[in-house]
>>> print(open('coords.cif').read())   # mmCIF, C-alpha atoms
data_data
loop_
_atom_site.label_atom_id
_atom_site.label_comp_id
_atom_site.auth_asym_id
_atom_site.auth_seq_id
_atom_site.Cartn_x
_atom_site.Cartn_y
_atom_site.Cartn_z
CA MET F 100 -80.87 -26.50 305.05
CA SER F 101 -78.01 -27.35 302.72
CA THR F 102 -77.68 -30.78 301.20
CA GLY F 103 -73.93 -30.35 301.14
CA HIS F 104 -73.77 -30.72 297.38
CA PRO F 105 -72.14 -27.83 295.52
CA ARG F 106 -74.43 -25.87 293.23
CA VAL F 107 -71.40 -24.53 291.38
CA ASP F 108 -67.86 -25.60 292.20
CA TYR F 109 -65.17 -23.05 292.99
CA GLN F 110 -63.18 -23.70 289.81
CA THR F 111 -66.30 -23.16 287.67
CA PHE F 112 -66.87 -19.84 289.48
CA LEU F 113 -63.29 -18.79 288.71
CA LYS F 114 -63.64 -19.69 285.02
CA SER F 115 -67.14 -18.28 284.59
CA ALA F 116 -66.68 -14.99 286.45
CA PRO F 117 -63.00 -14.10 286.17
CA ASP F 118 -63.61 -10.36 286.53
CA ALA F 119 -65.66 -10.83 289.71
CA TYR F 120 -62.96 -13.13 291.08
CA ALA F 121 -60.24 -10.62 290.17
CA ALA F 122 -62.15 -7.77 291.81
CA LEU F 123 -62.53 -9.69 295.06
CA LEU F 124 -58.85 -10.66 294.98
CA ALA F 125 -57.92 -7.01 294.34
CA LEU F 126 -59.82 -5.94 297.46
CA GLY F 127 -57.99 -8.62 299.42
CA LYS F 128 -54.66 -7.43 298.05
CA VAL F 129 -55.42 -3.83 299.02
CA VAL F 130 -56.06 -4.97 302.59
CA GLY F 131 -52.92 -7.13 302.54
CA ASP F 132 -50.87 -4.18 301.32
CA SER F 133 -52.36 -1.81 303.93
CA GLY F 134 -50.06 -2.94 306.72
CA LEU F 135 -52.74 -4.58 308.85
CA ASP F 136 -51.41 -7.64 310.64
CA THR F 137 -52.17 -10.83 308.69
CA HIS F 138 -52.83 -12.76 311.90
CA LEU F 139 -55.52 -10.24 312.83
CA THR F 140 -57.18 -10.16 309.42
CA GLU F 141 -57.24 -13.95 309.18
CA LEU F 142 -58.86 -14.24 312.61
CA VAL F 143 -61.50 -11.74 311.51
CA LYS F 144 -62.11 -13.60 308.24
CA ILE F 145 -62.49 -16.90 310.08
CA ARG F 146 -64.93 -15.41 312.60
CA VAL F 147 -67.07 -13.75 309.93
CA SER F 148 -67.09 -16.98 307.91
CA GLN F 149 -68.20 -18.90 311.01
CA ILE F 150 -71.09 -16.51 311.56
CA ASN F 151 -72.12 -16.77 307.90
CA GLY F 152 -71.71 -20.55 307.84
CA CYS F 153 -69.32 -20.59 304.87
CA ALA F 154 -67.44 -23.88 305.20
CA PHE F 155 -65.30 -23.09 302.14
CA CYS F 156 -64.07 -19.77 303.57
CA ILE F 157 -63.62 -21.13 307.10
CA GLN F 158 -61.35 -23.89 305.78
CA HIS F 159 -59.52 -21.58 303.38
CA HIS F 160 -58.72 -19.01 306.05
CA LEU F 161 -57.81 -21.63 308.63
CA ASN F 162 -55.28 -22.95 306.09
CA VAL F 163 -53.93 -19.43 305.42
CA ALA F 164 -53.79 -18.62 309.15
CA ARG F 165 -51.92 -21.82 310.00
CA LYS F 166 -49.43 -21.15 307.22
CA ALA F 167 -48.98 -17.57 308.52
CA GLY F 168 -48.27 -18.90 312.02
CA VAL F 169 -51.41 -17.84 313.88
CA GLU F 170 -51.42 -19.51 317.30
CA SER F 171 -53.47 -22.70 317.31
CA ALA F 172 -55.21 -21.67 320.57
CA LYS F 173 -56.60 -18.60 318.82
CA LEU F 174 -57.75 -20.64 315.84
CA ASP F 175 -59.38 -23.16 318.17
CA LEU F 176 -61.16 -20.49 320.21
CA VAL F 177 -62.08 -17.75 317.75
CA ALA F 178 -65.73 -18.86 317.76
CA ALA F 179 -65.82 -18.09 321.51
CA TRP F 180 -63.35 -15.19 321.46
CA GLN F 181 -65.21 -13.11 324.09
CA ASP F 182 -64.73 -15.79 326.76
CA ALA F 183 -61.49 -17.38 325.57
CA GLY F 184 -58.98 -15.14 327.35
CA VAL F 185 -56.36 -15.55 324.60
CA PHE F 186 -57.13 -12.51 322.44
CA SER F 187 -55.55 -9.10 322.88
CA GLU F 188 -57.71 -6.00 323.36
CA ARG F 189 -56.88 -5.02 319.78
CA GLU F 190 -57.95 -8.42 318.42
CA SER F 191 -61.10 -8.34 320.55
CA ALA F 192 -62.02 -4.90 319.24
CA ALA F 193 -61.53 -6.10 315.65
CA LEU F 194 -63.60 -9.24 316.25
CA ALA F 195 -66.41 -7.21 317.86
CA TRP F 196 -66.39 -4.84 314.86
CA ALA F 197 -66.46 -7.81 312.48
CA GLU F 198 -69.46 -9.29 314.28
CA SER F 199 -71.23 -5.93 314.28
CA LEU F 200 -70.74 -5.43 310.54
CA THR F 201 -71.64 -9.02 309.70
CA ALA F 202 -75.00 -8.52 311.43
CA VAL F 203 -75.46 -5.02 310.00
CA ALA F 204 -78.90 -5.84 308.56
CA THR F 205 -80.33 -6.60 312.00
CA GLN F 206 -78.32 -4.41 314.37
CA GLY F 207 -76.48 -1.77 312.36
CA ALA F 208 -72.84 -0.85 312.92
CA SER F 209 -72.77 -0.24 316.65
CA ASP F 210 -71.24 2.92 318.07
CA LYS F 211 -69.94 0.89 321.03
CA SER F 212 -67.98 -1.44 318.75
CA TYR F 213 -66.68 1.49 316.70
CA GLU F 214 -65.54 3.42 319.78
CA ALA F 215 -63.73 0.34 321.12
CA LEU F 216 -62.14 -0.14 317.72
CA ARG F 217 -60.86 3.46 317.62
CA GLU F 218 -59.08 2.92 320.95
CA HIS F 219 -56.80 0.39 319.22
CA PHE F 220 -56.77 1.32 315.52
CA THR F 221 -55.99 4.42 313.52
CA GLU F 222 -58.63 5.80 311.19
CA THR F 223 -56.81 4.30 308.20
CA GLU F 224 -56.58 0.91 309.90
CA VAL F 225 -60.32 1.06 310.63
CA ILE F 226 -60.99 1.72 306.96
CA PHE F 227 -58.92 -1.25 305.79
CA LEU F 228 -60.28 -3.54 308.50
CA THR F 229 -63.79 -2.54 307.37
CA VAL F 230 -62.84 -3.33 303.76
CA ALA F 231 -61.54 -6.75 304.89
CA ILE F 232 -64.81 -7.46 306.72
CA GLY F 233 -66.91 -6.34 303.77
CA THR F 234 -64.86 -8.43 301.37
CA ILE F 235 -65.09 -11.64 303.39
CA ASN F 236 -68.82 -11.09 303.77
CA ASN F 237 -69.04 -10.90 299.96
CA TRP F 238 -66.98 -14.08 299.58
CA ASN F 239 -69.18 -15.82 302.17
CA ARG F 240 -72.36 -14.91 300.35
CA ILE F 241 -70.98 -16.28 297.10
CA GLY F 242 -69.59 -19.42 298.75
CA VAL F 243 -72.78 -20.14 300.69
CA ALA F 244 -75.08 -19.42 297.74
CA LEU F 245 -73.09 -21.62 295.35
CA ARG F 246 -72.16 -24.11 298.09
CA PHE F 247 -68.45 -24.21 297.39
CA SER F 248 -66.89 -27.33 298.90
CA PRO F 249 -64.14 -26.73 301.45
CA GLN F 250 -60.60 -27.19 300.14
CA LEU F 251 -59.17 -29.49 302.77
CA PRO F 252 -55.42 -29.43 303.33
CA HIS F 253 -53.62 -32.22 301.55
CA ARG F 254 -52.81 -35.10 303.83
CA PRO F 255 -50.56 -37.95 302.80
CA ALA F 256 -52.34 -41.27 302.37
CA ARG F 257 -51.95 -43.69 305.24
CA THR F 258 -49.93 -46.78 304.46
#
>>> encode(input="coords.cif", output="structure tokens")
Amino acid sequence: MSTGHPRVDYQTFLKSAPDAYAALLALGKVVGDSGLDTHLTELVKIRVSQINGCAFCIQHHLNVARKAGVESAKLDLVAAWQDAGVFSERESAALAWAESLTAVATQGASDKSYEALREHFTETEVIFLTVAIGTINNWNRIGVALRFSPQLPHRPART
């Protein structure tokens, strides 16, 4: 169980491993430039980060998703997406694929999830969605291992 204390802070990671940081950012940029909907990719990144227990990435992608205009109901319910009734079939297929790939060590990449995904995504979209899922899983493993502290949104001080 985590003590909540960072092992290495995020800024130290950036300074100590700039090439690793740049490589992960480059993968993110490739996905961003692919044409996949930002709302969709942020929902997937949040869900994967929830599964992996990466507080840093959950907070980061909630901040990005809010700024991008993702509906608050979807952000509130992404952890229970299967029962929430607010996600499109396309979003649900992407979230199922994300969960399948995040648990790949124990269940493999399910044919059922892949077939559902192909009903809503082109082959190229599947490739970039898979890259997005792989990339956030990498970020999560780094963030969890080093215990990055969440970057909370700035709130004005109460007076």
>>> residues_near_point(input="coords.cif", point="(-65.0, -18.1, 288.7)", cutoff="12 Å", atoms="only C-alpha atoms", output="MDAnalysis selection string")
chainID F and resid 107:124 238 241:242 245 247
>>> write_last_selection(input="coords.cif", atoms="C-alpha atoms", output="compact mmCIF listing (two decimals), keeping the file's coordinate frame")
# COMPACT_ATOMS: atom_id res chain seq x y z
CA VAL F 107 -71.40 -24.53 291.38
CA ASP F 108 -67.86 -25.60 292.20
CA TYR F 109 -65.17 -23.05 292.99
CA GLN F 110 -63.18 -23.70 289.81
CA THR F 111 -66.30 -23.16 287.67
CA PHE F 112 -66.87 -19.84 289.48
CA LEU F 113 -63.29 -18.79 288.71
CA LYS F 114 -63.64 -19.69 285.02
CA SER F 115 -67.14 -18.28 284.59
CA ALA F 116 -66.68 -14.99 286.45
CA PRO F 117 -63.00 -14.10 286.17
CA ASP F 118 -63.61 -10.36 286.53
CA ALA F 119 -65.66 -10.83 289.71
CA TYR F 120 -62.96 -13.13 291.08
CA ALA F 121 -60.24 -10.62 290.17
CA ALA F 122 -62.15 -7.77 291.81
CA LEU F 123 -62.53 -9.69 295.06
CA LEU F 124 -58.85 -10.66 294.98
CA TRP F 238 -66.98 -14.08 299.58
CA ILE F 241 -70.98 -16.28 297.10
CA GLY F 242 -69.59 -19.42 298.75
CA LEU F 245 -73.09 -21.62 295.35
CA PHE F 247 -68.45 -24.21 297.39
>>> axis_aligned_box(input="coords.cif", around="region 203-211 of chain F", padding_each_side="6 Å", output="AutoDock Vina command-line options")
--center_x -75.1 --center_y -1.8 --center_z 314.8 --size_x 22.4 --size_y 21.5 --size_z 24.5
>>> closest_atom_pairs(input="coords.cif", of="region 106-176 of chain F", to="region 226-235 of chain F", cutoff="9 Å", atoms="all atoms listed in the file", output="JSON lines")
{"residue": "F:Leu123", "atom": "CA", "partner": "F:Thr234", "partner_atom": "CA", "distance": 6.8}
{"residue": "F:Leu126", "atom": "CA", "partner": "F:Thr234", "partner_atom": "CA", "distance": 6.8}
{"residue": "F:Gly127", "atom": "CA", "partner": "F:Ala231", "partner_atom": "CA", "distance": 6.8}
{"residue": "F:Val129", "atom": "CA", "partner": "F:Phe227", "partner_atom": "CA", "distance": 8.0}
{"residue": "F:Val130", "atom": "CA", "partner": "F:Phe227", "partner_atom": "CA", "distance": 5.7}
{"residue": "F:Gly131", "atom": "CA", "partner": "F:Ala231", "partner_atom": "CA", "distance": 8.9}
{"residue": "F:Ser133", "atom": "CA", "partner": "F:Phe227", "partner_atom": "CA", "distance": 6.8}
{"residue": "F:Leu135", "atom": "CA", "partner": "F:Leu228", "partner_atom": "CA", "distance": 7.6}
{"residue": "F:Thr140", "atom": "CA", "partner": "F:Ala231", "partner_atom": "CA", "distance": 7.2}
{"residue": "F:Val143", "atom": "CA", "partner": "F:Ile232", "partner_atom": "CA", "distance": 7.2}
{"residue": "F:Lys144", "atom": "CA", "partner": "F:Ile235", "partner_atom": "CA", "distance": 6.0}
{"residue": "F:Ile145", "atom": "CA", "partner": "F:Ile235", "partner_atom": "CA", "distance": 8.9}
{"residue": "F:Val147", "atom": "CA", "partner": "F:Ile235", "partner_atom": "CA", "distance": 7.2}
{"residue": "F:Ser148", "atom": "CA", "partner": "F:Ile235", "partner_atom": "CA", "distance": 7.3}
{"residue": "F:Cys156", "atom": "CA", "partner": "F:Ile235", "partner_atom": "CA", "distance": 8.2}
>>> write_last_selection(input="coords.cif", atoms="C-alpha atoms", output="mmCIF file, in the coordinates of the input")
data_model
loop_
_atom_site.group_PDB
_atom_site.id
_atom_site.type_symbol
_atom_site.label_atom_id
_atom_site.label_comp_id
_atom_site.auth_asym_id
_atom_site.auth_seq_id
_atom_site.Cartn_x
_atom_site.Cartn_y
_atom_site.Cartn_z
ATOM 1 C CA LEU F 123 -62.530 -9.690 295.060
ATOM 2 C CA LEU F 126 -59.820 -5.940 297.460
ATOM 3 C CA GLY F 127 -57.990 -8.620 299.420
ATOM 4 C CA VAL F 129 -55.420 -3.830 299.020
ATOM 5 C CA VAL F 130 -56.060 -4.970 302.590
ATOM 6 C CA GLY F 131 -52.920 -7.130 302.540
ATOM 7 C CA SER F 133 -52.360 -1.810 303.930
ATOM 8 C CA LEU F 135 -52.740 -4.580 308.850
ATOM 9 C CA THR F 140 -57.180 -10.160 309.420
ATOM 10 C CA VAL F 143 -61.500 -11.740 311.510
ATOM 11 C CA LYS F 144 -62.110 -13.600 308.240
ATOM 12 C CA ILE F 145 -62.490 -16.900 310.080
ATOM 13 C CA VAL F 147 -67.070 -13.750 309.930
ATOM 14 C CA SER F 148 -67.090 -16.980 307.910
ATOM 15 C CA CYS F 156 -64.070 -19.770 303.570
#
>>> closest_residue(input="coords.cif", among="F:Ala204, F:Val225, F:Ile150, F:Leu251", to="Ala179 (chain F)", atoms="all atoms listed in the file")
F:Ile150
>>> atom_distance(input="coords.cif", atom1="CA of Phe155 (chain F)", atom2="CA of Glu141 (chain F)")
14.1 Å
>>> atom_distance(input="coords.cif", atom1="CA of Ala192 (chain F)", atom2="CA of Ser212 (chain F)")
6.9 Å
>>> resolve_selection(input="coords.cif", expression="the PyMOL selection byres ((chain F and resi 180) around 12)", output="list in words")
Leu142, Val143, Ile145, Arg146, Ala172, Lys173, Leu174, Asp175, Leu176, Val177, Ala178, Ala179, Gln181, Asp182, Ala183, Gly184, Val185, Phe186, Ser187, Glu188, Glu190, Ser191, Ala192, Ala193, Leu194, Ala195 and Glu198 of chain F
>>> closest_residue(input="coords.cif", among="F:Ala164, F:Leu139, F:Ala202, F:Leu216", to="Asn151 (chain F)", atoms="only C-alpha atoms")
F:Ala202
>>> closest_residue(input="coords.cif", among="F:Lys211, F:His138, F:Arg246, F:Arg189", to="Arg165 (chain F)", atoms="all atoms listed in the file")
F:His138
>>> atom_distance(input="coords.cif", atom1="CA of His160 (chain F)", atom2="CA of Val243 (chain F)")
15.1 Å
>>> decode(input="coords.cif", residues="region 175-223 of chain F", atoms="N, CA and C atoms", output="PDB file, in the first residue's frame")
ATOM      1  N   ASP F 175     -17.841  12.205 -14.443  1.00  0.00           N
ATOM      2  CA  ASP F 175     -18.305  11.690 -13.160  1.00  0.00           C
ATOM      3  C   ASP F 175     -18.553  10.184 -13.203  1.00  0.00           C
ATOM      4  N   LEU F 176     -18.950   9.672 -14.364  1.00  0.00           N
ATOM      5  CA  LEU F 176     -19.411   8.290 -14.451  1.00  0.00           C
ATOM      6  C   LEU F 176     -18.490   7.346 -15.223  1.00  0.00           C
ATOM      7  N   VAL F 177     -17.352   7.809 -15.649  1.00  0.00           N
ATOM      8  CA  VAL F 177     -16.482   6.949 -16.462  1.00  0.00           C
ATOM      9  C   VAL F 177     -16.061   5.684 -15.721  1.00  0.00           C
ATOM     10  N   ALA F 178     -15.939   5.733 -14.416  1.00  0.00           N
ATOM     11  CA  ALA F 178     -15.564   4.531 -13.650  1.00  0.00           C
ATOM     12  C   ALA F 178     -16.642   3.448 -13.746  1.00  0.00           C
ATOM     13  N   ALA F 179     -17.882   3.856 -13.981  1.00  0.00           N
ATOM     14  CA  ALA F 179     -19.006   2.918 -14.091  1.00  0.00           C
ATOM     15  C   ALA F 179     -19.651   3.031 -15.468  1.00  0.00           C
ATOM     16  N   TRP F 180     -18.856   3.198 -16.489  1.00  0.00           N
ATOM     17  CA  TRP F 180     -19.337   3.491 -17.833  1.00  0.00           C
ATOM     18  C   TRP F 180     -20.336   2.457 -18.350  1.00  0.00           C
ATOM     19  N   GLN F 181     -20.161   1.190 -18.006  1.00  0.00           N
ATOM     20  CA  GLN F 181     -21.040   0.142 -18.550  1.00  0.00           C
ATOM     21  C   GLN F 181     -22.486   0.308 -18.098  1.00  0.00           C
ATOM     22  N   ASP F 182     -22.682   0.885 -16.920  1.00  0.00           N
ATOM     23  CA  ASP F 182     -24.031   1.030 -16.364  1.00  0.00           C
ATOM     24  C   ASP F 182     -24.542   2.470 -16.373  1.00  0.00           C
ATOM     25  N   ALA F 183     -23.709   3.397 -16.847  1.00  0.00           N
ATOM     26  CA  ALA F 183     -24.036   4.820 -16.702  1.00  0.00           C
ATOM     27  C   ALA F 183     -25.107   5.317 -17.670  1.00  0.00           C
ATOM     28  N   GLY F 184     -25.193   4.754 -18.847  1.00  0.00           N
ATOM     29  CA  GLY F 184     -26.186   5.186 -19.813  1.00  0.00           C
ATOM     30  C   GLY F 184     -25.912   6.528 -20.472  1.00  0.00           C
ATOM     31  N   VAL F 185     -24.702   7.064 -20.316  1.00  0.00           N
ATOM     32  CA  VAL F 185     -24.388   8.365 -20.924  1.00  0.00           C
ATOM     33  C   VAL F 185     -23.327   8.272 -22.026  1.00  0.00           C
ATOM     34  N   PHE F 186     -22.819   7.069 -22.263  1.00  0.00           N
ATOM     35  CA  PHE F 186     -21.753   6.904 -23.252  1.00  0.00           C
ATOM     36  C   PHE F 186     -22.308   6.331 -24.544  1.00  0.00           C
ATOM     37  N   SER F 187     -21.812   6.851 -25.664  1.00  0.00           N
ATOM     38  CA  SER F 187     -22.232   6.356 -26.973  1.00  0.00           C
ATOM     39  C   SER F 187     -21.681   4.937 -27.179  1.00  0.00           C
ATOM     40  N   GLU F 188     -22.195   4.256 -28.190  1.00  0.00           N
ATOM     41  CA  GLU F 188     -21.687   2.918 -28.514  1.00  0.00           C
ATOM     42  C   GLU F 188     -20.203   2.984 -28.875  1.00  0.00           C
ATOM     43  N   ARG F 189     -19.821   4.035 -29.575  1.00  0.00           N
ATOM     44  CA  ARG F 189     -18.412   4.215 -29.955  1.00  0.00           C
ATOM     45  C   ARG F 189     -17.545   4.389 -28.708  1.00  0.00           C
ATOM     46  N   GLU F 190     -17.971   5.248 -27.791  1.00  0.00           N
ATOM     47  CA  GLU F 190     -17.221   5.455 -26.549  1.00  0.00           C
ATOM     48  C   GLU F 190     -17.157   4.166 -25.728  1.00  0.00           C
ATOM     49  N   SER F 191     -18.280   3.453 -25.662  1.00  0.00           N
ATOM     50  CA  SER F 191     -18.317   2.199 -24.910  1.00  0.00           C
ATOM     51  C   SER F 191     -17.368   1.169 -25.506  1.00  0.00           C
ATOM     52  N   ALA F 192     -17.320   1.088 -26.812  1.00  0.00           N
ATOM     53  CA  ALA F 192     -16.396   0.149 -27.463  1.00  0.00           C
ATOM     54  C   ALA F 192     -14.944   0.518 -27.147  1.00  0.00           C
ATOM     55  N   ALA F 193     -14.635   1.810 -27.165  1.00  0.00           N
ATOM     56  CA  ALA F 193     -13.273   2.260 -26.857  1.00  0.00           C
ATOM     57  C   ALA F 193     -12.921   1.980 -25.401  1.00  0.00           C
ATOM     58  N   LEU F 194     -13.861   2.214 -24.494  1.00  0.00           N
ATOM     59  CA  LEU F 194     -13.612   1.959 -23.077  1.00  0.00           C
ATOM     60  C   LEU F 194     -13.441   0.466 -22.808  1.00  0.00           C
ATOM     61  N   ALA F 195     -14.229  -0.379 -23.473  1.00  0.00           N
ATOM     62  CA  ALA F 195     -14.079  -1.829 -23.317  1.00  0.00           C
ATOM     63  C   ALA F 195     -12.708  -2.279 -23.826  1.00  0.00           C
ATOM     64  N   TRP F 196     -12.275  -1.736 -24.959  1.00  0.00           N
ATOM     65  CA  TRP F 196     -10.957  -2.062 -25.515  1.00  0.00           C
ATOM     66  C   TRP F 196      -9.860  -1.604 -24.554  1.00  0.00           C
ATOM     67  N   ALA F 197     -10.016  -0.420 -23.994  1.00  0.00           N
ATOM     68  CA  ALA F 197      -9.036   0.099 -23.037  1.00  0.00           C
ATOM     69  C   ALA F 197      -8.923  -0.810 -21.818  1.00  0.00           C
ATOM     70  N   GLU F 198     -10.062  -1.262 -21.303  1.00  0.00           N
ATOM     71  CA  GLU F 198     -10.038  -2.159 -20.149  1.00  0.00           C
ATOM     72  C   GLU F 198      -9.398  -3.492 -20.505  1.00  0.00           C
ATOM     73  N   SER F 199      -9.701  -3.998 -21.690  1.00  0.00           N
ATOM     74  CA  SER F 199      -9.128  -5.257 -22.141  1.00  0.00           C
ATOM     75  C   SER F 199      -7.605  -5.167 -22.237  1.00  0.00           C
ATOM     76  N   LEU F 200      -7.107  -4.099 -22.836  1.00  0.00           N
ATOM     77  CA  LEU F 200      -5.660  -3.948 -23.001  1.00  0.00           C
ATOM     78  C   LEU F 200      -4.954  -3.642 -21.692  1.00  0.00           C
ATOM     79  N   THR F 201      -5.632  -2.971 -20.782  1.00  0.00           N
ATOM     80  CA  THR F 201      -5.029  -2.642 -19.496  1.00  0.00           C
ATOM     81  C   THR F 201      -4.868  -3.902 -18.645  1.00  0.00           C
ATOM     82  N   ALA F 202      -5.727  -4.882 -18.853  1.00  0.00           N
ATOM     83  CA  ALA F 202      -5.634  -6.154 -18.135  1.00  0.00           C
ATOM     84  C   ALA F 202      -5.034  -7.250 -19.016  1.00  0.00           C
ATOM     85  N   VAL F 203      -4.241  -6.870 -19.992  1.00  0.00           N
ATOM     86  CA  VAL F 203      -3.729  -7.816 -20.982  1.00  0.00           C
ATOM     87  C   VAL F 203      -2.927  -8.961 -20.343  1.00  0.00           C
ATOM     88  N   ALA F 204      -2.254  -8.707 -19.243  1.00  0.00           N
ATOM     89  CA  ALA F 204      -1.453  -9.753 -18.601  1.00  0.00           C
ATOM     90  C   ALA F 204      -2.318 -10.882 -18.046  1.00  0.00           C
ATOM     91  N   THR F 205      -3.538 -10.571 -17.653  1.00  0.00           N
ATOM     92  CA  THR F 205      -4.394 -11.596 -17.051  1.00  0.00           C
ATOM     93  C   THR F 205      -5.480 -12.116 -17.978  1.00  0.00           C
ATOM     94  N   GLN F 206      -5.864 -11.342 -18.984  1.00  0.00           N
ATOM     95  CA  GLN F 206      -6.971 -11.791 -19.839  1.00  0.00           C
ATOM     96  C   GLN F 206      -6.694 -11.693 -21.326  1.00  0.00           C
ATOM     97  N   GLY F 207      -5.557 -11.160 -21.723  1.00  0.00           N
ATOM     98  CA  GLY F 207      -5.285 -10.993 -23.142  1.00  0.00           C
ATOM     99  C   GLY F 207      -6.126  -9.877 -23.738  1.00  0.00           C
ATOM    100  N   ALA F 208      -5.983  -9.669 -25.025  1.00  0.00           N
ATOM    101  CA  ALA F 208      -6.766  -8.669 -25.755  1.00  0.00           C
ATOM    102  C   ALA F 208      -7.949  -9.400 -26.378  1.00  0.00           C
ATOM    103  N   SER F 209      -9.110  -9.250 -25.769  1.00  0.00           N
ATOM    104  CA  SER F 209     -10.259 -10.076 -26.132  1.00  0.00           C
ATOM    105  C   SER F 209     -10.750  -9.829 -27.560  1.00  0.00           C
ATOM    106  N   ASP F 210     -11.098 -10.931 -28.214  1.00  0.00           N
ATOM    107  CA  ASP F 210     -11.675 -10.846 -29.559  1.00  0.00           C
ATOM    108  C   ASP F 210     -13.017 -10.126 -29.520  1.00  0.00           C
ATOM    109  N   LYS F 211     -13.785 -10.351 -28.465  1.00  0.00           N
ATOM    110  CA  LYS F 211     -15.099  -9.701 -28.335  1.00  0.00           C
ATOM    111  C   LYS F 211     -14.950  -8.181 -28.303  1.00  0.00           C
ATOM    112  N   SER F 212     -14.012  -7.696 -27.508  1.00  0.00           N
ATOM    113  CA  SER F 212     -13.783  -6.246 -27.440  1.00  0.00           C
ATOM    114  C   SER F 212     -13.287  -5.704 -28.771  1.00  0.00           C
ATOM    115  N   TYR F 213     -12.410  -6.461 -29.425  1.00  0.00           N
ATOM    116  CA  TYR F 213     -11.868  -6.013 -30.714  1.00  0.00           C
ATOM    117  C   TYR F 213     -12.971  -5.962 -31.775  1.00  0.00           C
ATOM    118  N   GLU F 214     -13.806  -6.979 -31.813  1.00  0.00           N
ATOM    119  CA  GLU F 214     -14.893  -6.998 -32.804  1.00  0.00           C
ATOM    120  C   GLU F 214     -15.863  -5.842 -32.581  1.00  0.00           C
ATOM    121  N   ALA F 215     -16.182  -5.553 -31.319  1.00  0.00           N
ATOM    122  CA  ALA F 215     -17.058  -4.419 -31.016  1.00  0.00           C
ATOM    123  C   ALA F 215     -16.393  -3.110 -31.426  1.00  0.00           C
ATOM    124  N   LEU F 216     -15.105  -3.032 -31.202  1.00  0.00           N
ATOM    125  CA  LEU F 216     -14.351  -1.838 -31.571  1.00  0.00           C
ATOM    126  C   LEU F 216     -14.411  -1.602 -33.077  1.00  0.00           C
ATOM    127  N   ARG F 217     -14.230  -2.674 -33.859  1.00  0.00           N
ATOM    128  CA  ARG F 217     -14.209  -2.553 -35.323  1.00  0.00           C
ATOM    129  C   ARG F 217     -15.562  -2.163 -35.903  1.00  0.00           C
ATOM    130  N   GLU F 218     -16.633  -2.326 -35.136  1.00  0.00           N
ATOM    131  CA  GLU F 218     -17.943  -1.879 -35.599  1.00  0.00           C
ATOM    132  C   GLU F 218     -18.034  -0.355 -35.615  1.00  0.00           C
ATOM    133  N   HIS F 219     -17.166   0.310 -34.846  1.00  0.00           N
ATOM    134  CA  HIS F 219     -17.264   1.760 -34.671  1.00  0.00           C
ATOM    135  C   HIS F 219     -16.011   2.527 -35.081  1.00  0.00           C
ATOM    136  N   PHE F 220     -14.919   1.819 -35.351  1.00  0.00           N
ATOM    137  CA  PHE F 220     -13.650   2.471 -35.668  1.00  0.00           C
ATOM    138  C   PHE F 220     -13.026   1.850 -36.908  1.00  0.00           C
ATOM    139  N   THR F 221     -12.373   2.694 -37.695  1.00  0.00           N
ATOM    140  CA  THR F 221     -11.610   2.183 -38.826  1.00  0.00           C
ATOM    141  C   THR F 221     -10.354   1.487 -38.304  1.00  0.00           C
ATOM    142  N   GLU F 222      -9.707   0.756 -39.173  1.00  0.00           N
ATOM    143  CA  GLU F 222      -8.465   0.084 -38.778  1.00  0.00           C
ATOM    144  C   GLU F 222      -7.426   1.092 -38.287  1.00  0.00           C
ATOM    145  N   THR F 223      -7.302   2.203 -38.969  1.00  0.00           N
ATOM    146  CA  THR F 223      -6.341   3.235 -38.562  1.00  0.00           C
ATOM    147  C   THR F 223      -6.708   3.822 -37.207  1.00  0.00           C
TER     148      THR F 223
END
